[in-house]
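For reference, the structure is listed below as structure tokens.
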Amino acid sequence: MNPCHSRCPNYSSLKAVHYCSSCGDGIYYGEEYIENLDGECRHYECFHGMSELLEWLGFEIKTMETIE
């Protein structure tokens with residue numbers, strides 16, 4: 001069985017190098033993630049829309065107003 005069951009003597013728990021700033025879970029080998037300029041990491045699937053992604057990356061969402 002791969003990976004081993006937690007009671008197996010050959011079992012070793014996965015080590016996370018980064019943790020998701022949204023859900024708090026570790027980001028493990030093979031998982032897709034995004035890192036912003038502040039060094040925060042987040043699972044790709046932890047984003048719930050383009051505006052959330054853009055704001056997290058540091059972009060400001062603006063509304064165009066008329067010029068008089």
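Each chain of the structure tokens is named A, B, ... in the order shown, its residues numbered from 1; ligands are numbered from 1 in display order.
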For region 27-44 of chain A: contacts at 9 Å, only C-alpha atoms, fewer than 3 positions along chain excluded, given as a PDB file with N, CA, C and O atoms, in the first residue's frame:
ATOM      1  N   LEU A  14       3.963  12.875   5.936  1.00  0.00           N
ATOM      2  CA  LEU A  14       4.386  13.843   4.937  1.00  0.00           C
ATOM      3  C   LEU A  14       4.824  15.125   5.631  1.00  0.00           C
ATOM      4  O   LEU A  14       4.233  15.547   6.617  1.00  0.00           O
ATOM      5  N   LYS A  15       5.856  15.732   5.105  1.00  0.00           N
ATOM      6  CA  LYS A  15       6.356  16.984   5.654  1.00  0.00           C
ATOM      7  C   LYS A  15       5.956  18.118   4.711  1.00  0.00           C
ATOM      8  O   LYS A  15       6.201  18.053   3.524  1.00  0.00           O
ATOM      9  N   ALA A  16       5.344  19.131   5.258  1.00  0.00           N
ATOM     10  CA  ALA A  16       4.953  20.295   4.462  1.00  0.00           C
ATOM     11  C   ALA A  16       6.046  21.344   4.565  1.00  0.00           C
ATOM     12  O   ALA A  16       6.524  21.645   5.652  1.00  0.00           O
ATOM     13  N   VAL A  17       6.430  21.895   3.429  1.00  0.00           N
ATOM     14  CA  VAL A  17       7.414  22.974   3.411  1.00  0.00           C
ATOM     15  C   VAL A  17       6.698  24.308   3.578  1.00  0.00           C
ATOM     16  O   VAL A  17       7.197  25.215   4.235  1.00  0.00           O
ATOM     17  N   HIS A  18       5.498  24.409   2.992  1.00  0.00           N
ATOM     18  CA  HIS A  18       4.689  25.627   3.070  1.00  0.00           C
ATOM     19  C   HIS A  18       3.315  25.272   3.628  1.00  0.00           C
ATOM     20  O   HIS A  18       2.868  24.133   3.523  1.00  0.00           O
ATOM     21  N   TYR A  19       2.653  26.282   4.187  1.00  0.00           N
ATOM     22  CA  TYR A  19       1.292  26.116   4.678  1.00  0.00           C
ATOM     23  C   TYR A  19       0.394  27.136   4.004  1.00  0.00           C
ATOM     24  O   TYR A  19       0.804  28.266   3.755  1.00  0.00           O
ATOM     25  N   CYS A  20      -0.832  26.749   3.712  1.00  0.00           N
ATOM     26  CA  CYS A  20      -1.798  27.591   3.017  1.00  0.00           C
ATOM     27  C   CYS A  20      -2.281  28.706   3.938  1.00  0.00           C
ATOM     28  O   CYS A  20      -2.702  28.438   5.072  1.00  0.00           O
ATOM     29  N   SER A  21      -2.221  29.942   3.458  1.00  0.00           N
ATOM     30  CA  SER A  21      -2.662  31.078   4.264  1.00  0.00           C
ATOM     31  C   SER A  21      -4.181  31.172   4.337  1.00  0.00           C
ATOM     32  O   SER A  21      -4.714  31.961   5.112  1.00  0.00           O
ATOM     33  N   SER A  22      -4.886  30.347   3.572  1.00  0.00           N
ATOM     34  CA  SER A  22      -6.350  30.350   3.611  1.00  0.00           C
ATOM     35  C   SER A  22      -6.888  29.266   4.541  1.00  0.00           C
ATOM     36  O   SER A  22      -7.588  29.557   5.496  1.00  0.00           O
ATOM     37  N   CYS A  23      -6.534  28.015   4.282  1.00  0.00           N
ATOM     38  CA  CYS A  23      -7.084  26.900   5.061  1.00  0.00           C
ATOM     39  C   CYS A  23      -6.164  26.438   6.188  1.00  0.00           C
ATOM     40  O   CYS A  23      -6.599  25.741   7.089  1.00  0.00           O
ATOM     41  N   GLY A  24      -4.887  26.809   6.132  1.00  0.00           N
ATOM     42  CA  GLY A  24      -3.942  26.432   7.179  1.00  0.00           C
ATOM     43  C   GLY A  24      -3.322  25.068   7.017  1.00  0.00           C
ATOM     44  O   GLY A  24      -2.420  24.702   7.766  1.00  0.00           O
ATOM     45  N   PHE A  47      -8.807  29.366  -3.764  1.00  0.00           N
ATOM     46  CA  PHE A  47      -9.304  30.634  -4.294  1.00  0.00           C
ATOM     47  C   PHE A  47     -10.709  30.421  -4.820  1.00  0.00           C
ATOM     48  O   PHE A  47     -10.984  29.442  -5.496  1.00  0.00           O
ATOM     49  N   TRP A  56      -5.518  39.066  -3.357  1.00  0.00           N
ATOM     50  CA  TRP A  56      -4.502  38.365  -2.580  1.00  0.00           C
ATOM     51  C   TRP A  56      -3.112  38.602  -3.161  1.00  0.00           C
ATOM     52  O   TRP A  56      -2.131  38.692  -2.436  1.00  0.00           O
ATOM     53  N   LEU A  57      -3.043  38.738  -4.481  1.00  0.00           N
ATOM     54  CA  LEU A  57      -1.765  39.013  -5.132  1.00  0.00           C
ATOM     55  C   LEU A  57      -1.337  40.470  -4.961  1.00  0.00           C
ATOM     56  O   LEU A  57      -0.220  40.829  -5.302  1.00  0.00           O
ATOM     57  N   GLY A  58      -2.212  41.305  -4.430  1.00  0.00           N
ATOM     58  CA  GLY A  58      -1.850  42.683  -4.142  1.00  0.00           C
ATOM     59  C   GLY A  58      -2.382  43.703  -5.124  1.00  0.00           C
ATOM     60  O   GLY A  58      -2.053  44.884  -5.024  1.00  0.00           O
TER      61      GLY A  58
END
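Scanning chain A with DSSP on the backbone, the helix (DSSP H, G or I) assignments fall on Tyr44, Glu45, Cys46, Met50, Ser51, Glu52, Leu53, Leu54, Glu55 and Trp56 of chain A.
Going from CA of Leu54 (chain A) to CA of Ile67 (chain A) covers 25.8 Å.
For the choices A:Lys62, A:Cys46, A:Glu55, A:Glu68, the atom-to-atom distance to Asp25 (chain A) is smallest for A:Cys46 when using only C-alpha atoms.
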